[in-house]
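Beneath this line is the structure, given in structure tokens, with notes to follow.
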Amino acid sequence: MADANTTRAKLQIGEPGPGVKKVDPILVAHGVRRSFGGVSAVDVEHVEIPRNAITALIGPNGAGKTTFFNLLTGFDKPDTGTWELNGKSLANVPAFKVARRGMVRTFQLTKALSLLSVMENMRLGAGDQSGERILTALFSGFWRKREKEITDQALDLLTRFKLDTKKDDYAASLSGGQRKLLEMARALMSKPELVMLDEPMAGVNPALTQSLLSHILDLKKEGMTVLFVEHDMHMVQTIADWVIVMAEGKIVAEGYPDVVMRDPAVIDAYLGAHHDTDLGSLTGQLEVAKELGDSFLVNEISEEISDEASSKETTDGQ
Amino acid sequence: MDLNFIPLAFGQILSPLTVGYALAALGLAVHFGFTGLLNFGQAGFMAVGGYFFAITTVKFDWPLWASLIACVVGAILFALLLGIPTLRLRADYLSIVTIAAAEIVRYTVKTPSISNLTGGSDGINGSSRDFYRLNPLPDIRYGYGVLSYNNNEVWSMIVGWTVVIVAAVLVWQLMRSPWGRIVKGIREDEDAVRSLGKNVTWYKMQSLILGGVLAALGTVLVIIPTSLQPDNYGTQTTFFLYTIVLLGGATTVLGPIIGSIIFWVVLSLSDGILTLLVSNHLLPITSVQQGPIRFIIVGIALMLLVIFRPQGIFGKKREAHFSG
């Protein structure tokens, strides 16, 4: 249960709370504000995202989570504010340059490029391709070697995400969940430092949820930092090391998942009354996996359940 | 009954008009089929290329190579002019701006006050001077029957089709390269491509320039053996090009070229058939009404194509642009 241990490693300096300083922040945002026609959508005083951890950004609908994502990744411009990745300012940096700096995102509504094959989708994610310049593109000699490299890299990732059998199909032929996986795998082609996932679980069936969760945990093991927006509290509790709660554009709470989830203010205002009812997603998934006869999945889910139990113990022990 | 129109119609297969439209349509396929840019001003690119070439050749007496450079530079400038304000915005803006800009070009060159430069409504003749001087073919008649050409006409066709083939190979190679992957990705969803670290606006600009230059060069190949007339570059020209592109297949390289051949052969045939029917009083219309009827047919053909075969002749059904 290595994950639970890293979870317990101290991420912040001082008492957890909105805007708390982190021991090793990868992303620091300060005074980021965005309003739409007088209505303030995002008003973040100060926030730091811990490096090599999984941070969840939660909050009710309309809290400004996605808008905040868009601002950070250059897809929208704030009215005011500064933010930096690894100490380098990202304000006024166009979206494509943000991605090149190692901060890639996915979208809430999946953006698989439908009429490109799965493999072409993947290749598109890779950086540093000389064949992407119009003059060198004319001569295959300039880019054939790199093309082979990225094809191998893509095959590796596709195998990990169990999409390798689909590599020559149009992305349009994938199911919603597979598109989510493809989008995530594609984002990984550029070997990013910080992966920002906007509702990775939306519309994904329980069987795939589990593999998505384990992929996200893998990202951390490989040294990446993950920031994700999610409504599924179960997922947040299962994999997040740190939780940031947004409401009405502001950050209202921050801390370790188990603590934040118990904060009465957070519960009442943002999570609703049924926050602690186990929606049965993990046990439900176990049933599904058994029905499917997928022993690998059954093992993984059982492991996840025992993980969760032990993480509860750790928490209780403190 | 005079059936000469039949071989004459098939003479369109190799005609300079077909060459010019094949190149302009290939450019439009780069814009619309591959990159997803809804350019409704391809006729404007043609006009700009034609005028830059003809004015520098005829009025300024520039050598052929310099005029060709001027033509390419003109198309690039026009693409930058249209692209810089619109390519950052949603797709609709490009359509609106391009359709208007093409008309602005046409009305500008027709303005009487600059007719000493542009030739006003009469256009410009005699762009062929240097081009024919390079002709190595002996001055005899080529061909057979009604399809008989002099050495300059044959020279125009040879050069024209060579350019078409070179352009087709170029576009084909680009579209199978990583560059092509990016523009095709932009067609599908430009924000996704942006999120993967690609400078989407710049790629759209490159595509706009490439397609525009192809249209400009195509026009040069039309006006050399004929002449430059401003009204040949009205809005209907752009829609002819869309018909050609959709006929052949918007996401193919061969489609626009074969589409151009079919389009001009069919248009010419239909004209011949209509003339025959009208002169024999088999249709209740006058010969004046005959011209517009051809264009009605083009319009109907365009609609039927989009509804029943959006992928065109060479396109793959699944890669079709309009299919759901």
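Just remember, in the structure tokens the first chain shown is A, the second B, etc., residues are 1-based per chain, and ligands are 1-based in the order shown.
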Write out as a list in words each polymer residue whose atoms come within 12 Å of Asp168 of chain A, counting only C-alpha atoms; drop sequence neighbours fewer than 2 positions from it.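 Returned residues: Leu115, Leu116, Ser117, Val118, Met119, Glu120, Asn121, Met122, Leu155, Leu158, Leu163, Asp164, Thr165, Lys166, Tyr170, Ala171, Ala172, Ser173 and Leu174 of chain A.
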Specify as a ChimeraX atom specification all residues of chain A found within 9 Å of chain B, counting only C-alpha atoms. /A:73,75,94-101,104-107,110-116,120-121,123-127,129-135,137-140,143,147,170,186-187,189-190
